[in-house]
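Here the structure is laid out as structure tokens; the discussion comes afterwards.
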Amino acid sequence: MRIARKFFLGYVSSSYILTYKKKMDFPVVPIHKHPKYKLECCKLINDEWKRSETARMRSLDCSSDKLPTSLILLDENDRVIGHCKLSPIPSIPGSCYIESVVILKDLRGKGYGTYLMKRAEEYCKNVLKLKVIYLSTKGQEPFYTKLGYLICQPVSIYGSFISNNTINVKNENSINVNNNCNINTVNGKTYMCKYIA
């Protein structure tokens, strides 16, 4: 089944074409709806962050209509060129943590990362009905800032904020953001968030 040039929302009945920078209209799809791409996706992620193939495949196997969800970006030849994983944050309803964002090395710097992030944000907002996306990064702060992410308090996908601060995701002004802070890091990672609702 060829799915290039269409963006499917998985279990949502409609499909439509999304474009970015006029020349991009590549599909971003949940991997659990297209399992034939799992091995190729595993190789893409492992090229960036080494892990056993078995462990990586188990992680991809966990993708579902609810969180966690792994999204893949396919090119015009149905080749996996990007991936991101959306994970739940149990202590912060209405939010997710985006991780393992990766683009094929020879395609970096050409807008594919921005395209993948924008489509992931749309998926979070329109399909998952989320309000806030969190992430952590080492060295990619300018990229995420360009996409509208703000530095925030560290958050754990296994519990709550690493600090004792709380969050309310009812509106944009209630996100605990600290753009004037030079250090909001844990283990060298900067934590960032974006309100998408």
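Residues are referred to by chain and number: the chain letter is A, B, ... according to the order shown in the structure tokens, the number counts from 1 in that chain, and ligands are numbered separately from 1 in the order shown.
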Residues within 10 Å of Cys193 (chain A), only C-alpha atoms, excluding chain neighbours under 3 positions, as a ChimeraX atom specification: /A:95-98,132-136,144-145,148-155,175-177,196
Could you pull the residues within 8 Å of region 54-71 of chain A, counting only C-alpha atoms, minus those fewer than 4 positions along the same chain, as a PDB file with C-alpha atoms, in the first residue's frame?
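Below is the file that was written, selection.pdb:
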```pdb
ATOM      1  CA  GLY A  10      -4.608   6.653  11.725  1.00  0.00           C
ATOM      2  CA  TYR A  11      -7.989   5.898  13.178  1.00  0.00           C
ATOM      3  CA  VAL A  28       3.607  11.559   8.895  1.00  0.00           C
ATOM      4  CA  VAL A  29       1.923   8.397  10.155  1.00  0.00           C
ATOM      5  CA  PRO A  30       1.662   6.389  13.380  1.00  0.00           C
ATOM      6  CA  ILE A  31       3.961   3.395  13.055  1.00  0.00           C
ATOM      7  CA  HIS A  32       1.446   1.022  14.638  1.00  0.00           C
ATOM      8  CA  LYS A  38       9.353  -0.785  12.038  1.00  0.00           C
ATOM      9  CA  LEU A  39      12.715  -2.304  11.112  1.00  0.00           C
ATOM     10  CA  CYS A  42      14.594   1.011  14.251  1.00  0.00           C
ATOM     11  CA  ASN A  46      19.748   3.375  16.322  1.00  0.00           C
ATOM     12  CA  HIS A  83      10.755   9.685  13.663  1.00  0.00           C
ATOM     13  CA  CYS A  84       9.425  11.096  16.913  1.00  0.00           C
ATOM     14  CA  LYS A  85       7.843   9.444  19.931  1.00  0.00           C
ATOM     15  CA  LEU A  86       5.027  10.960  21.953  1.00  0.00           C
ATOM     16  CA  SER A  87       4.942   9.693  25.538  1.00  0.00           C
ATOM     17  CA  PRO A  88       2.414  10.335  28.302  1.00  0.00           C
ATOM     18  CA  ALA A 120       3.526  15.991  15.336  1.00  0.00           C
ATOM     19  CA  LEU A 128      -4.839  13.210  20.828  1.00  0.00           C
TER      20      LEU A 128
END
```
When DSSP is applied to the backbone of this structure, which of region 7-151 of chain A are assigned alpha helix (DSSP H)? Write them out as a ChimeraX atom specification. /A:38-48,53-61,112-126,141-146
Between CA of Gly111 (chain A) and CA of Lys129 (chain A), what is the spacing in Å? 25.7 Å
